[in-house]
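Asks: Dropping a structure here in structure tokens format, bear with me for questions.
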Amino acid sequence: MTGLSKIVTRHYKLILGIWLLLFAVLAVLAIRLPGLLEGDGFSTDGEHAEVMDELTKTFDFPAESLFVVFDQTSNSTIEETLKEIEQLELAESIQSPLTDDSLYKDHVAYAMLHFDSDADMTSAVDDIREAIDGEQGVTLTGGAAINKDINSASQKDLASAEAIGLPIAIIVLLLAFGSVVAAFIPLAVGIVTVVSAFGVMTLFSEAMDLSIFVMNIIPMLGLALSIDFALLLINRYKEELANHSITEAVQTAVQTAGRSIIFSALCVFIGLGAMLVMQVEIFQNIALGGMLVVTIAVLSSITLLPALLMLLKDRINKWTIIRVKPGATTRWRNFASFVMKRPVTLILVALIVLGIGIIPVKNMELTIPQVDSLPESYDSRQAYELMDKQFGLGEQSTVYMIAERPEGWDSTAGLEDIKNIEDKLLADNDVLSVDTIFTASEIPTVEQWEQSLTVPEVEVQLTPLVDTFVRDNKLLVPVSLNLNGSSNEAQDWVREWSEKELGVDFKLGGQPKFNQEIFDEIFDKVGWLLAIILGSTFIILMIAFRSILIPLKAIIMNIIGLASTFGILVYIFQYGHFGIEETTIALIIPVIVFSLVFGLSMDYEVFLISRIQEEYLKHQNNTLATVDGLTSTSKIITSAALIMIVITGAFAFTDVMPVKQIGVGIAIAVAIDASIIRLLLVPSLMKLFGKWNWWLPFRKGPYKAKKLH
């Protein structure tokens, strides 16, 4: 860090020029990013994807479908609307409720628009909405329409969150630094970081699909981290400036605060990187976007920020509007002394409070976000829920079985295999119906089927039916279940049937299989994720602080704090408190919040313990070092935490439910970490363990000379 600090102070104008050029180029690219985001990110390579591809490629199923919902409209309106849509020549085929009675019930009807794999669904949604605009009671819904609305809502959410969070963050920075210039520097660095990350993500979009949630995660994480890092470095710079020259102050800030920033970012980076073990698109996207913005945040904090400080020199205190009172240090020292005198009592109180928060975790209900991610005000959600209510779409589900028989299916043995599959499925109590050549033709046996084929007129009628279910050596068997496709029972059904022995190779697809694969991928890999995060964090902190106890305590306290966070989330969202409608917790929330916050909370651990370690190295007095470290960092940790809470917590006022839950979850976790854990548990435990805090076996170093007690 010494070499870097000297390079930054010597060549700060060149560094500023490079950053300015990069920002200009990446800002142009960043503008394109919102239009490149699509889908909710819930996709994974597995049987479901293979089956759905096979349905499109081999059995001529549509690659995408949209629904035009008619509520209390006349038949003439339905006919005219569908004619307008047909003239657009976008859909490959249209199923009309005027020709299919199953699509018409009471005053509600819907048409199904089917698209091939080459269709541009984003443009299709726009064009169809334009065509039906103004038609009373006519609404477009379906996967592509809902995803487009979630994308639009996410962009509005981002603007709303920034409008709420940034002004409050500026106030916190003004209170911390007193001057307008010093307060706006971290904000400027944060904006450069986020815009740059957006620009680089635009380049990545050429090689991979990007989830619409990237639009929220990158600013949420990028702004919070950049401002936190800047707050730490500027605070250290201003401390050093009292006794040293500007150049020396910048160099010391980079060498000390810069080191803490790198270790903190490394912990966040590992937490995000651990999500890559889960082969689900949304985790891959968030991991990539998060690691990218963390990297840029570190680079901007240890190069761009010091260069700005060198450029501004004494002008950093320009437009001082609040005089920062020195008495604040005395108050923090008094608080630190209070904690040192009552470590056991404060540990017990803190653990009781956190334990109460953990209680609701036992009732946590996890689901994959669906149309209810959208606010109720969106037409696409209203239309979908109307269809669901009127036609009972959620009461049943369909599983698609594709079986493969190398010898084909047209022999007696092949027909007997089809009949065997049908009989076994119909014997299952959860199966409502099975579609095969036998059920569709109402021919009950293999013998009768073969006899029917000997009659030329009947054979002509049956041939198209065979083509519907059999193509070469592949057999399609749609299975209707008396189970909601999102239910645990439906997942259990496909798990059980995936292991069945039917005499032929087969694969399953459909919503139950999709949900089962997502859930299993997460729960099967969560152990690896935890091992990577906990193991890597332990090693990094052990190396940073040359201690066994400090990383162990940090990990245990983080786990307790996060468990309490999840309990509070259940209380707020699942129980429906504080004006929030009752809803389940999005399946991704525990993974994302744990991975993000475990790293983020290490920020404060590193900030605090680094300063305690620095003081301990001076006089080898653990209690005094803890008091001094807590006194010198408490204000900055509190300010940094407030900014993190404000920026992430602002997403509580947004409308897309998973984003709201992520923002609230991070804000709660940071609040718990910066108050109960960092101000009470950490110093209390530091006091109790004394010099054992700094124990590392087989170490030769400055701590060995002192006898442990």
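In the structure tokens, chains take letters A, B, ... by order of appearance, with residues numbered from 1 within each chain and ligands from 1 in the order shown.
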How close does each residue of segment 233-333 of chain A get to segment 542-553 of chain A, giving the shortest atom pair and distance in Å to one decimal for every residue with an atom at most 10 Å away, counting only C-alpha atoms, sorted by chain and residue number, as JSON lines?
Replies:
```
{"residue": "A:Arg259", "atom": "CA", "partner": "A:Ala544", "partner_atom": "CA", "distance": 9.6}
{"residue": "A:Ser260", "atom": "CA", "partner": "A:Ala544", "partner_atom": "CA", "distance": 9.2}
{"residue": "A:Phe263", "atom": "CA", "partner": "A:Ala544", "partner_atom": "CA", "distance": 7.7}
```
Asks: Hey, what's within 7 Å of segment 69-81 of chain A if we count only C-alpha atoms and toss same-chain stuff fewer than 3 positions away? As a list in words, please?
Replies: Glu84, Ile85, His107, Val108, Ala109, Tyr110, Ala111, Ile132, Gly137, Val138, Thr139, Leu140 and Ala383 of chain A
Asks: Store the residues picked out above in a file with N, CA and C atoms, as a compact mmCIF listing (two decimals), in the first residue's frame.
Replies:
```
# COMPACT_ATOMS: atom_id res chain seq x y z
N GLU A 84 -57.15 -7.30 -35.17
CA GLU A 84 -56.09 -6.29 -35.14
C GLU A 84 -54.75 -6.92 -34.78
N ILE A 85 -54.77 -7.82 -33.79
CA ILE A 85 -53.53 -8.48 -33.37
C ILE A 85 -53.00 -9.38 -34.48
N HIS A 107 -68.35 -13.94 -17.61
CA HIS A 107 -68.06 -12.67 -18.30
C HIS A 107 -66.58 -12.52 -18.64
N VAL A 108 -65.80 -13.56 -18.39
CA VAL A 108 -64.35 -13.47 -18.62
C VAL A 108 -63.94 -14.45 -19.71
N ALA A 109 -63.08 -13.99 -20.62
CA ALA A 109 -62.54 -14.86 -21.68
C ALA A 109 -61.08 -14.48 -21.90
N TYR A 110 -60.34 -15.38 -22.49
CA TYR A 110 -58.96 -15.04 -22.84
C TYR A 110 -58.55 -15.76 -24.12
N ALA A 111 -57.73 -15.06 -24.89
CA ALA A 111 -57.15 -15.64 -26.11
C ALA A 111 -55.68 -15.94 -25.85
N ILE A 132 -54.15 -2.77 -28.61
CA ILE A 132 -55.35 -2.91 -27.78
C ILE A 132 -55.58 -1.71 -26.87
N GLY A 137 -61.71 -3.11 -20.89
CA GLY A 137 -61.82 -4.50 -20.48
C GLY A 137 -60.90 -5.45 -21.20
N VAL A 138 -59.94 -4.96 -21.97
CA VAL A 138 -59.00 -5.81 -22.72
C VAL A 138 -57.59 -5.57 -22.19
N THR A 139 -56.93 -6.63 -21.74
CA THR A 139 -55.60 -6.50 -21.10
C THR A 139 -54.68 -7.61 -21.59
N LEU A 140 -53.41 -7.28 -21.73
CA LEU A 140 -52.40 -8.27 -22.11
C LEU A 140 -51.65 -8.73 -20.87
N ALA A 383 -54.89 -8.82 -14.65
CA ALA A 383 -55.45 -9.72 -15.65
C ALA A 383 -55.09 -11.18 -15.36
```
Asks: If DSSP is run on the backbone, what residues of segment 61-253 of chain A are helix (DSSP H, G or I)? A reply as a PyMOL selection string would be ideal.
Replies: chain A and resi 75-87+101-103+121-132+143-177+180-204+214-241+246-253
Asks: Hey, what's within 9 Å of segment 161-171 of chain A if we count only C-alpha atoms and toss same-chain stuff fewer than 3 positions away? As a PDB file with N, CA, C and O atoms, in the first residue's frame, please?
Replies:
```pdb
ATOM      1  N   LYS A 156     -38.395   2.260 -12.011  1.00  0.00           N
ATOM      2  CA  LYS A 156     -39.084   3.269 -11.196  1.00  0.00           C
ATOM      3  C   LYS A 156     -38.666   3.149  -9.732  1.00  0.00           C
ATOM      4  O   LYS A 156     -38.482   4.150  -9.033  1.00  0.00           O
ATOM      5  N   ASP A 157     -38.531   1.894  -9.271  1.00  0.00           N
ATOM      6  CA  ASP A 157     -38.106   1.657  -7.896  1.00  0.00           C
ATOM      7  C   ASP A 157     -36.739   2.259  -7.634  1.00  0.00           C
ATOM      8  O   ASP A 157     -36.490   2.855  -6.575  1.00  0.00           O
ATOM      9  N   LEU A 158     -35.835   2.079  -8.606  1.00  0.00           N
ATOM     10  CA  LEU A 158     -34.482   2.603  -8.448  1.00  0.00           C
ATOM     11  C   LEU A 158     -34.514   4.122  -8.315  1.00  0.00           C
ATOM     12  O   LEU A 158     -33.852   4.698  -7.439  1.00  0.00           O
ATOM     13  N   LEU A 174     -22.955  15.200   5.866  1.00  0.00           N
ATOM     14  CA  LEU A 174     -22.760  16.558   6.386  1.00  0.00           C
ATOM     15  C   LEU A 174     -22.549  16.540   7.891  1.00  0.00           C
ATOM     16  O   LEU A 174     -21.696  17.265   8.430  1.00  0.00           O
ATOM     17  N   LEU A 175     -23.313  15.704   8.584  1.00  0.00           N
ATOM     18  CA  LEU A 175     -23.153  15.593  10.030  1.00  0.00           C
ATOM     19  C   LEU A 175     -21.794  15.000  10.396  1.00  0.00           C
ATOM     20  O   LEU A 175     -21.205  15.338  11.422  1.00  0.00           O
ATOM     21  N   ALA A 176     -21.307  14.083   9.526  1.00  0.00           N
ATOM     22  CA  ALA A 176     -20.022  13.429   9.804  1.00  0.00           C
ATOM     23  C   ALA A 176     -18.843  14.355   9.530  1.00  0.00           C
ATOM     24  O   ALA A 176     -17.872  14.385  10.295  1.00  0.00           O
ATOM     25  N   VAL A 180     -19.788  20.941   2.902  1.00  0.00           N
ATOM     26  CA  VAL A 180     -20.515  20.486   1.712  1.00  0.00           C
ATOM     27  C   VAL A 180     -19.594  19.706   0.776  1.00  0.00           C
ATOM     28  O   VAL A 180     -19.966  18.658   0.248  1.00  0.00           O
ATOM     29  N   ALA A 183     -18.796  16.275   2.049  1.00  0.00           N
ATOM     30  CA  ALA A 183     -19.989  15.419   2.025  1.00  0.00           C
ATOM     31  C   ALA A 183     -20.293  14.917   0.623  1.00  0.00           C
ATOM     32  O   ALA A 183     -20.779  13.785   0.456  1.00  0.00           O
ATOM     33  N   PHE A 184     -20.014  15.742  -0.390  1.00  0.00           N
ATOM     34  CA  PHE A 184     -20.381  15.354  -1.752  1.00  0.00           C
ATOM     35  C   PHE A 184     -19.323  14.493  -2.442  1.00  0.00           C
ATOM     36  O   PHE A 184     -19.614  13.856  -3.451  1.00  0.00           O
ATOM     37  N   LEU A 187     -20.331  10.806  -2.453  1.00  0.00           N
ATOM     38  CA  LEU A 187     -21.463  10.637  -3.356  1.00  0.00           C
ATOM     39  C   LEU A 187     -20.986  10.604  -4.808  1.00  0.00           C
ATOM     40  O   LEU A 187     -21.444   9.774  -5.610  1.00  0.00           O
ATOM     41  N   PRO A 219     -26.805  -0.665  -8.011  1.00  0.00           N
ATOM     42  CA  PRO A 219     -26.816   0.640  -7.318  1.00  0.00           C
ATOM     43  C   PRO A 219     -26.903   0.501  -5.800  1.00  0.00           C
ATOM     44  O   PRO A 219     -26.254   1.255  -5.070  1.00  0.00           O
ATOM     45  N   MET A 220     -27.713  -0.459  -5.332  1.00  0.00           N
ATOM     46  CA  MET A 220     -27.869  -0.661  -3.901  1.00  0.00           C
ATOM     47  C   MET A 220     -26.519  -0.955  -3.258  1.00  0.00           C
ATOM     48  O   MET A 220     -26.130  -0.350  -2.259  1.00  0.00           O
ATOM     49  N   ILE A 227     -19.719   4.803  -0.760  1.00  0.00           N
ATOM     50  CA  ILE A 227     -19.832   5.873   0.233  1.00  0.00           C
ATOM     51  C   ILE A 227     -19.217   5.441   1.559  1.00  0.00           C
ATOM     52  O   ILE A 227     -18.530   6.224   2.229  1.00  0.00           O
ATOM     53  N   LEU A 642     -25.395   4.082   9.003  1.00  0.00           N
ATOM     54  CA  LEU A 642     -26.583   4.878   8.692  1.00  0.00           C
ATOM     55  C   LEU A 642     -26.748   5.061   7.193  1.00  0.00           C
ATOM     56  O   LEU A 642     -27.857   4.967   6.650  1.00  0.00           O
ATOM     57  N   ILE A 643     -25.639   5.306   6.517  1.00  0.00           N
ATOM     58  CA  ILE A 643     -25.687   5.478   5.065  1.00  0.00           C
ATOM     59  C   ILE A 643     -26.105   4.169   4.395  1.00  0.00           C
ATOM     60  O   ILE A 643     -26.944   4.149   3.488  1.00  0.00           O
ATOM     61  N   MET A 644     -25.520   3.060   4.852  1.00  0.00           N
ATOM     62  CA  MET A 644     -25.887   1.751   4.304  1.00  0.00           C
ATOM     63  C   MET A 644     -27.368   1.468   4.541  1.00  0.00           C
ATOM     64  O   MET A 644     -28.082   0.997   3.645  1.00  0.00           O
ATOM     65  N   ILE A 645     -27.844   1.768   5.747  1.00  0.00           N
ATOM     66  CA  ILE A 645     -29.256   1.530   6.093  1.00  0.00           C
ATOM     67  C   ILE A 645     -30.169   2.406   5.240  1.00  0.00           C
ATOM     68  O   ILE A 645     -31.197   1.950   4.732  1.00  0.00           O
ATOM     69  N   VAL A 646     -29.783   3.661   5.075  1.00  0.00           N
ATOM     70  CA  VAL A 646     -30.609   4.599   4.317  1.00  0.00           C
ATOM     71  C   VAL A 646     -30.692   4.186   2.851  1.00  0.00           C
ATOM     72  O   VAL A 646     -31.776   4.154   2.256  1.00  0.00           O
ATOM     73  N   ILE A 647     -29.553   3.851   2.256  1.00  0.00           N
ATOM     74  CA  ILE A 647     -29.538   3.550   0.821  1.00  0.00           C
ATOM     75  C   ILE A 647     -30.238   2.225   0.526  1.00  0.00           C
ATOM     76  O   ILE A 647     -31.002   2.109  -0.437  1.00  0.00           O
ATOM     77  N   THR A 648     -29.988   1.205   1.348  1.00  0.00           N
ATOM     78  CA  THR A 648     -30.652  -0.082   1.114  1.00  0.00           C
ATOM     79  C   THR A 648     -32.086  -0.055   1.648  1.00  0.00           C
ATOM     80  O   THR A 648     -33.007  -0.582   1.013  1.00  0.00           O
ATOM     81  N   GLY A 649     -32.279   0.586   2.809  1.00  0.00           N
ATOM     82  CA  GLY A 649     -33.613   0.647   3.398  1.00  0.00           C
ATOM     83  C   GLY A 649     -34.585   1.464   2.574  1.00  0.00           C
ATOM     84  O   GLY A 649     -35.809   1.266   2.680  1.00  0.00           O
ATOM     85  N   ALA A 650     -34.083   2.374   1.725  1.00  0.00           N
ATOM     86  CA  ALA A 650     -34.970   3.161   0.863  1.00  0.00           C
ATOM     87  C   ALA A 650     -35.761   2.269  -0.084  1.00  0.00           C
ATOM     88  O   ALA A 650     -36.843   2.638  -0.552  1.00  0.00           O
ATOM     89  N   PHE A 651     -35.226   1.081  -0.367  1.00  0.00           N
ATOM     90  CA  PHE A 651     -35.932   0.144  -1.246  1.00  0.00           C
ATOM     91  C   PHE A 651     -37.162  -0.460  -0.556  1.00  0.00           C
ATOM     92  O   PHE A 651     -37.940  -1.160  -1.198  1.00  0.00           O
ATOM     93  N   ALA A 652     -37.331  -0.189   0.740  1.00  0.00           N
ATOM     94  CA  ALA A 652     -38.560  -0.605   1.425  1.00  0.00           C
ATOM     95  C   ALA A 652     -39.761   0.131   0.860  1.00  0.00           C
ATOM     96  O   ALA A 652     -40.899  -0.347   0.974  1.00  0.00           O
ATOM     97  N   PHE A 653     -39.534   1.290   0.256  1.00  0.00           N
ATOM     98  CA  PHE A 653     -40.626   2.092  -0.286  1.00  0.00           C
ATOM     99  C   PHE A 653     -40.853   1.814  -1.770  1.00  0.00           C
ATOM    100  O   PHE A 653     -41.560   2.553  -2.445  1.00  0.00           O
ATOM    101  N   THR A 654     -40.245   0.754  -2.278  1.00  0.00           N
ATOM    102  CA  THR A 654     -40.426   0.372  -3.673  1.00  0.00           C
ATOM    103  C   THR A 654     -41.553  -0.655  -3.786  1.00  0.00           C
ATOM    104  O   THR A 654     -42.104  -1.105  -2.787  1.00  0.00           O
TER     105      THR A 654
END
```
Asks: Tell me, which residues of segment 496-706 of chain A carry DSSP strand (DSSP E), written as a tab-separated table (two decimals) with all heavy atoms, in the first residue's frame?
Replies:
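File produced: out_15.tsv:
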```tsv
chain	number	residue	atom	x	y	z
A	505	ASP	N	-36.37	-44.75	-20.92
A	505	ASP	CA	-35.81	-43.49	-20.42
A	505	ASP	C	-36.82	-42.36	-20.61
A	505	ASP	O	-37.49	-42.28	-21.64
A	505	ASP	CB	-34.53	-43.14	-21.18
A	505	ASP	CG	-33.41	-44.13	-20.90
A	505	ASP	OD1	-33.40	-44.69	-19.79
A	505	ASP	OD2	-32.56	-44.34	-21.80
A	506	PHE	N	-36.93	-41.50	-19.63
A	506	PHE	CA	-37.88	-40.39	-19.74
A	506	PHE	C	-37.38	-39.19	-18.94
A	506	PHE	O	-36.55	-39.32	-18.03
A	506	PHE	CB	-39.28	-40.80	-19.26
A	506	PHE	CG	-39.36	-41.06	-17.78
A	506	PHE	CD1	-39.74	-40.06	-16.89
A	506	PHE	CD2	-39.05	-42.32	-17.26
A	506	PHE	CE1	-39.80	-40.29	-15.53
A	506	PHE	CE2	-39.12	-42.56	-15.89
A	506	PHE	CZ	-39.49	-41.54	-15.03
A	507	LYS	N	-37.91	-38.01	-19.30
A	507	LYS	CA	-37.62	-36.77	-18.59
A	507	LYS	C	-38.92	-36.03	-18.34
A	507	LYS	O	-39.89	-36.20	-19.10
A	507	LYS	CB	-36.66	-35.89	-19.41
A	507	LYS	CG	-35.27	-36.48	-19.57
A	507	LYS	CD	-34.38	-35.59	-20.43
A	507	LYS	CE	-32.98	-36.21	-20.57
A	507	LYS	NZ	-32.11	-35.40	-21.44
A	508	LEU	N	-38.93	-35.20	-17.29
A	508	LEU	CA	-40.11	-34.45	-16.92
A	508	LEU	C	-39.87	-32.96	-17.04
A	508	LEU	O	-38.77	-32.47	-16.77
A	508	LEU	CB	-40.53	-34.78	-15.48
A	508	LEU	CG	-40.83	-36.25	-15.16
A	508	LEU	CD1	-41.14	-36.40	-13.67
A	508	LEU	CD2	-41.99	-36.77	-16.00
A	509	GLY	N	-40.91	-32.23	-17.43
A	509	GLY	CA	-40.86	-30.78	-17.50
A	509	GLY	C	-42.18	-30.20	-17.04
A	509	GLY	O	-43.11	-30.92	-16.70
A	585	ILE	N	-41.79	-15.26	1.79
A	585	ILE	CA	-40.43	-14.75	1.57
A	585	ILE	C	-39.90	-15.33	0.27
A	585	ILE	O	-39.97	-16.54	0.04
A	585	ILE	CB	-39.49	-15.13	2.73
A	585	ILE	CG1	-40.07	-14.67	4.08
A	585	ILE	CG2	-38.10	-14.55	2.51
A	585	ILE	CD1	-40.24	-13.18	4.22
A	586	ALA	N	-39.41	-14.47	-0.61
A	586	ALA	CA	-38.85	-14.95	-1.89
A	586	ALA	C	-37.70	-15.91	-1.62
A	586	ALA	O	-36.85	-15.66	-0.76
A	586	ALA	CB	-38.39	-13.77	-2.73
```
Asks: Identify which of the residues A:Val597, A:Ala230, A:Ile321, A:Leu688 lies closest to Gly663 of chain A, counting only C-alpha atoms when measuring atom-to-atom distances.
Replies: A:Val597
Asks: Let me make sure I understand: among A:Ile270, A:Val125, A:Asn420, A:Gly290, which one has the smallest atom-to-atom distance to Thr141 of chain A if we use only C-alpha atoms?
Replies: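 Closest to Thr141 of chain A, using only C-alpha atoms: A:Val125.
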Asks: Fewer than 3 positions away in the same chain doesn't count, so skip those; otherwise give me all residues within 6 Å of Phe573 of chain A, counting only C-alpha atoms, as number ranges by chain.
Replies: A: 569-570, 576, 582-583
Asks: Which residue, A:Leu55, A:His244, A:Ser179, A:Ile146, has the smallest gap to Glu385 of chain A when you use only C-alpha atoms?
Replies: A:Ile146
